[in-house]
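These notes are about the structure you will find just below.
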Amino acid sequence: MSRVTVLASQVKNVGKIPLTAAVQLLSVGKGIDDNLIGLQKQVNARVGVASEVRDSDKPWSFRMIWTWCGGHADWSDEKWLELLDRLVQAGISGVLLGGPPAQVRRVAPVAKSAGLAVHAWMWTFCRPSDEVAEKHLDWYQVSREGKSSLTVPPYVGYYKWLCPSNEDAVQHILKTAEALAVIPEIDAVHMDYLRFPDVILAKGLQPKYGIVQDREYPQWDFCYCERCVAAFKKASGISVNEADDPPSIPAWKEFRYALIQKAVDRVRSVSSRGGKQLSAAVFPHPELARFICRQSWDDFDVDAYFPMTYQNFYEESIEWIGEACSKGVSALRLKGKESALYAGLYLPSLSSEDQFREAIEAALSNGADGVSLFDAENLLPYHFKVLTSLNSG
């Protein structure tokens with residue numbers, strides 16, 4: 001029996017698998033089995049309904065579930081297919097696929113053959129191990145202390161951040177986006193690290209680094225490079241590097257929000273030219289994101305938002321996941337945005353079936369269009385059990 005025939009037979013039971021997986025399977029089987037034509041019409045109708053239904057009573061089959069997959073250049077196609085098939089069988093409908101463009105180009109067709117939607121994940125402003133960028137010290141952000149994130153990265157060694165006001169650095173980022181957008185088998189470019197470095201870490205992470213951040217300290221406050229300072233002075237008349245308390249200047253915050261948003265718009269143009277959508281990993285909700293990493297994500301023009309609602313990072317309960325989703329959805333709707341929101345769940349913090357199920361239900365009952373699991377390799381048998389039960393119930 002051919003793989004296409006197997007996929008087609010799975011699609012016939014469309015109510016038992018998530019909508020997007022069904023659509024992807026149909027696209028593989030289209031033109032092979034004539035009896036798929038009627039089913040295609042049914043699924044198309046459901047796609048139309050799914051874009052309109054956003055209330056908490058939306059059936060599970062209208063939801064999407066995503067997971068992040070690392071690049072794994074050393075994996076064979078067979079090993080990839082083994083993992084991806086397991087994901088599909090559990091009802092996972094899309095992957096955020098990491099790795100450089102060449103690796104994504106190799107693995108994306110395998111993911112598509114398994115019936116998955118594929119968003120190509122990319123480092124945006126944080127660029128560790130970037131040999132091209134590291135030849136250009138001036139491309140990198142500078143802290144209020146005057147130290148480059150290339151030579152003195154905050155918190156961890158890989159926190160090397162390109163400056164959004166440096167045109168050469170932005171062009172370098174756009175080249176990555178373009179290389180991903182032209183890959184036929186991907187559905188979207190997915191931007192991560194689309195922000196400034198955390199000026200204040202999530203409170204659950206501060207003890208890990210032996211720090212207490214009760215205000216914005218100079219060594220974690222970015223960017224004060226010559227370009228940013230000069231551009232802000234030209235726009236506002238304020239010399240921010242001479243101000244007594246730069247964090248207290250609202251216009252300085254707005255200036256940095258706008259730099260990130262402008263970059264989103266430029267990547268959007270690149271992804272659109274490639275015929276692809278654009279999605280973004282963002283902090284839990286817009287108010288918090290503005291405060292801790294200068295990210296005004298409810299202003300972003302993207303097709304899907306993936307807020308990282310990792311409750312343990314913030315020393316919060318699972319219920320907080322729902323609260324964050326509600327805030328995110330409300331902020332988007334206030335600005336007339338109807339893009340999907342998928343709540344990020346940090347699997348190591350959900351250590352039982354009950355906790356995992358509770359986290360999913362908290363997200364879905366507060367307006368999320370689905371969930372995103374970090375990550376595929378942290379999925380344990382009890383996670384698969386919960387996912388399978390949700391998709392068969």
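By order of appearance in the structure tokens: chains A, B, ..., then residues from 1 within every chain, and ligands from 1 in the order shown.
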* Pick out the residues sitting within 8 Å of A:Arg105, and hand them over as a PyMOL selection string; count only C-alpha atoms, and ignore anything fewer than 5 positions along from it in its own chain. => chain A and resi 180+183+185
Name the residues in contact with A:Thr67 at a cut-off of 9 Å, using only C-alpha atoms, excluding same-chain residues fewer than 2 positions from it; report them as a PDB file with N, CA and C atoms, in the first residue's frame.
```pdb
ATOM      1  N   ILE A  65      -2.430  22.110  17.424  1.00  0.00           N
ATOM      2  CA  ILE A  65      -1.389  21.870  18.407  1.00  0.00           C
ATOM      3  C   ILE A  65      -0.062  21.785  17.681  1.00  0.00           C
ATOM      4  N   CYS A  69      10.734  21.708  17.048  1.00  0.00           N
ATOM      5  CA  CYS A  69      11.701  20.637  16.774  1.00  0.00           C
ATOM      6  C   CYS A  69      13.057  21.254  16.458  1.00  0.00           C
ATOM      7  N   LEU A  87       4.178  12.293  16.142  1.00  0.00           N
ATOM      8  CA  LEU A  87       3.486  13.545  16.427  1.00  0.00           C
ATOM      9  C   LEU A  87       2.103  13.562  15.788  1.00  0.00           C
ATOM     10  N   ILE A  92      -0.864  16.069  16.847  1.00  0.00           N
ATOM     11  CA  ILE A  92      -0.131  17.315  16.627  1.00  0.00           C
ATOM     12  C   ILE A  92      -0.228  17.679  15.151  1.00  0.00           C
ATOM     13  N   SER A  93      -0.484  18.940  14.888  1.00  0.00           N
ATOM     14  CA  SER A  93      -0.795  19.347  13.523  1.00  0.00           C
ATOM     15  C   SER A  93       0.236  20.245  12.877  1.00  0.00           C
ATOM     16  N   GLY A  94       1.212  20.735  13.635  1.00  0.00           N
ATOM     17  CA  GLY A  94       2.223  21.590  13.032  1.00  0.00           C
ATOM     18  C   GLY A  94       3.516  21.573  13.818  1.00  0.00           C
ATOM     19  N   VAL A  95       4.621  21.857  13.114  1.00  0.00           N
ATOM     20  CA  VAL A  95       5.929  21.917  13.761  1.00  0.00           C
ATOM     21  C   VAL A  95       6.581  23.257  13.482  1.00  0.00           C
ATOM     22  N   LEU A  96       7.272  23.770  14.492  1.00  0.00           N
ATOM     23  CA  LEU A  96       8.160  24.910  14.350  1.00  0.00           C
ATOM     24  C   LEU A  96       9.544  24.309  14.178  1.00  0.00           C
ATOM     25  N   LEU A  97      10.027  24.329  12.962  1.00  0.00           N
ATOM     26  CA  LEU A  97      11.206  23.553  12.597  1.00  0.00           C
ATOM     27  C   LEU A  97      12.456  24.408  12.657  1.00  0.00           C
ATOM     28  N   GLY A 344       2.108  28.885  24.322  1.00  0.00           N
ATOM     29  CA  GLY A 344       3.284  28.049  24.518  1.00  0.00           C
ATOM     30  C   GLY A 344       3.273  27.395  25.887  1.00  0.00           C
ATOM     31  N   VAL A 371      -2.360  25.195  21.235  1.00  0.00           N
ATOM     32  CA  VAL A 371      -1.184  25.286  22.092  1.00  0.00           C
ATOM     33  C   VAL A 371       0.058  24.908  21.298  1.00  0.00           C
ATOM     34  N   SER A 372       1.195  25.332  21.818  1.00  0.00           N
ATOM     35  CA  SER A 372       2.489  25.009  21.226  1.00  0.00           C
ATOM     36  C   SER A 372       3.366  24.424  22.318  1.00  0.00           C
ATOM     37  N   LEU A 373       3.920  23.257  22.076  1.00  0.00           N
ATOM     38  CA  LEU A 373       4.634  22.504  23.105  1.00  0.00           C
ATOM     39  C   LEU A 373       6.139  22.626  22.930  1.00  0.00           C
ATOM     40  N   PHE A 374       6.816  23.015  23.991  1.00  0.00           N
ATOM     41  CA  PHE A 374       8.271  23.087  23.958  1.00  0.00           C
ATOM     42  C   PHE A 374       8.829  21.977  24.847  1.00  0.00           C
ATOM     43  N   ASP A 375       9.447  21.007  24.195  1.00  0.00           N
ATOM     44  CA  ASP A 375       9.553  20.835  22.763  1.00  0.00           C
ATOM     45  C   ASP A 375       9.273  19.382  22.419  1.00  0.00           C
ATOM     46  N   ALA A 376       9.443  18.990  21.149  1.00  0.00           N
ATOM     47  CA  ALA A 376       9.080  17.634  20.711  1.00  0.00           C
ATOM     48  C   ALA A 376       9.832  16.560  21.479  1.00  0.00           C
TER      49      ALA A 376
END
```
* To do: Excluding stretch 345-354 of chain A and any residue of its chain fewer than 6 positions from it, enumerate the residues within 10 Å of it, using only C-alpha atoms, and give them as number ranges by chain.
  => A: 67, 306-313, 318, 321, 360, 363, 371-387
* **DSSP strand (DSSP E or B) residues within stretch 111-259 of chain A, as a PyMOL selection string** => chain A and resi 117-123+126+140+142-143+148+161-162+188-192+222
* Test item, helix (DSSP H, G or I) assignment across stretch 322-382 of chain A, answer as an MDAnalysis selection string -> chainID A and resid 322:334 347:349 353:364 376:378 381:382
* Asked: Could you name the residues that touch A:Val229 at 8 Å or less, counting only C-alpha atoms, but leaving out those on the same chain fewer than 6 positions away, as a list in words?
  -> Ser239, Val240 and Asn241 of chain A
Suppose we keep N, CA and C atoms; can you now write the selection as a compact mmCIF listing (two decimals), in the first residue's frame?
```
# COMPACT_ATOMS: atom_id res chain seq x y z
N SER A 239 18.91 63.60 24.66
CA SER A 239 20.17 62.84 24.69
C SER A 239 20.04 61.78 25.78
N VAL A 240 19.60 60.60 25.39
CA VAL A 240 19.25 59.60 26.39
C VAL A 240 20.45 59.14 27.20
N ASN A 241 21.63 59.15 26.59
CA ASN A 241 22.82 58.72 27.33
C ASN A 241 23.27 59.76 28.35
```
* To do: Find the distance between atom CA of A:Ala324 and atom CA of A:His285 and write it in Å to one decimal.
  =>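 Rounded to one decimal, the two atoms are 5.6 Å apart.
Minimum atom-to-atom distances from A:Pro154, A:Pro100, A:Gly274, A:Pro164 to A:Phe125 were compared using only C-alpha atoms, and the lowest value belongs to A:Pro164.
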Might you pull out every residue within 9 Å of A:Lys262, with only C-alpha atoms counted and same-chain residues fewer than 5 positions away left off, and present them as an mmCIF file with N, CA and C atoms, in the first residue's frame?
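Saved result, part.cif, follows:
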```
data_model
loop_
_atom_site.group_PDB
_atom_site.id
_atom_site.type_symbol
_atom_site.label_atom_id
_atom_site.label_comp_id
_atom_site.auth_asym_id
_atom_site.auth_seq_id
_atom_site.Cartn_x
_atom_site.Cartn_y
_atom_site.Cartn_z
ATOM 1 N N PRO A 164 18.714 46.538 16.023
ATOM 2 C CA PRO A 164 17.705 46.784 14.990
ATOM 3 C C PRO A 164 17.848 48.121 14.283
ATOM 4 N N TYR A 257 10.322 49.997 21.002
ATOM 5 C CA TYR A 257 9.217 49.173 20.495
ATOM 6 C C TYR A 257 9.124 49.297 18.978
ATOM 7 N N VAL A 267 10.433 41.800 7.587
ATOM 8 C CA VAL A 267 10.417 40.349 7.396
ATOM 9 C C VAL A 267 9.087 39.922 6.783
ATOM 10 N N PHE A 300 2.335 43.886 16.134
ATOM 11 C CA PHE A 300 2.986 43.165 15.043
ATOM 12 C C PHE A 300 1.963 42.710 13.997
#
```
* May I have the residues within 12 Å of A:Val329 as JSON, numbers by chain, using only C-alpha atoms and disregarding those fewer than 3 positions away in the same chain? => {"A": [54, 55, 284, 285, 286, 297, 298, 304, 305, 306, 307, 322, 323, 324, 325, 326, 332, 333, 334, 335, 336, 337, 338, 339, 340, 341, 342, 343, 363, 364, 365, 366, 367, 368, 369]}
Give me a file of those residues, with C-alpha atoms, as a compact mmCIF listing (two decimals), in the first residue's frame.
```txt
# COMPACT_ATOMS: atom_id res chain seq x y z
CA ARG A 54 -13.16 31.63 18.56
CA ASP A 55 -15.24 30.94 21.66
CA PRO A 284 3.38 35.89 27.60
CA HIS A 285 1.19 38.93 27.03
CA PRO A 286 1.78 42.40 25.55
CA TRP A 297 3.68 42.33 20.02
CA ASP A 298 0.04 43.30 19.75
CA ALA A 304 -0.03 33.76 14.22
CA TYR A 305 1.29 34.62 17.67
CA PHE A 306 2.97 32.03 19.87
CA PRO A 307 3.19 33.57 23.38
CA GLY A 322 -5.25 31.18 30.90
CA GLU A 323 -4.95 34.68 32.32
CA ALA A 324 -2.05 35.43 29.98
CA CYS A 325 -3.98 34.08 26.98
CA SER A 326 -7.00 36.19 27.87
CA LEU A 332 -5.26 41.80 19.78
CA ARG A 333 -9.01 42.20 19.43
CA LEU A 334 -8.85 45.78 20.72
CA LYS A 335 -6.58 46.53 17.78
CA GLY A 336 -8.80 44.72 15.31
CA LYS A 337 -6.43 41.78 14.86
CA GLU A 338 -7.90 38.34 14.19
CA SER A 339 -4.67 36.37 13.85
CA ALA A 340 -4.43 33.07 15.71
CA LEU A 341 -2.86 32.77 19.15
CA TYR A 342 -1.24 29.51 20.26
CA ALA A 343 -0.24 29.31 23.92
CA ALA A 363 -5.35 28.11 27.34
CA LEU A 364 -8.31 26.96 25.26
CA SER A 365 -10.95 28.24 27.67
CA ASN A 366 -9.39 31.71 27.52
CA GLY A 367 -9.40 32.28 23.79
CA ALA A 368 -6.30 30.48 22.54
CA ASP A 369 -6.65 28.80 19.14
```
* How many Å lie between atom CA of A:Ser143 and atom CA of A:Ile211, rounded to one decimal? ->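 Result for atom CA of A:Ser143 versus atom CA of A:Ile211: 17.2 Å, one decimal.
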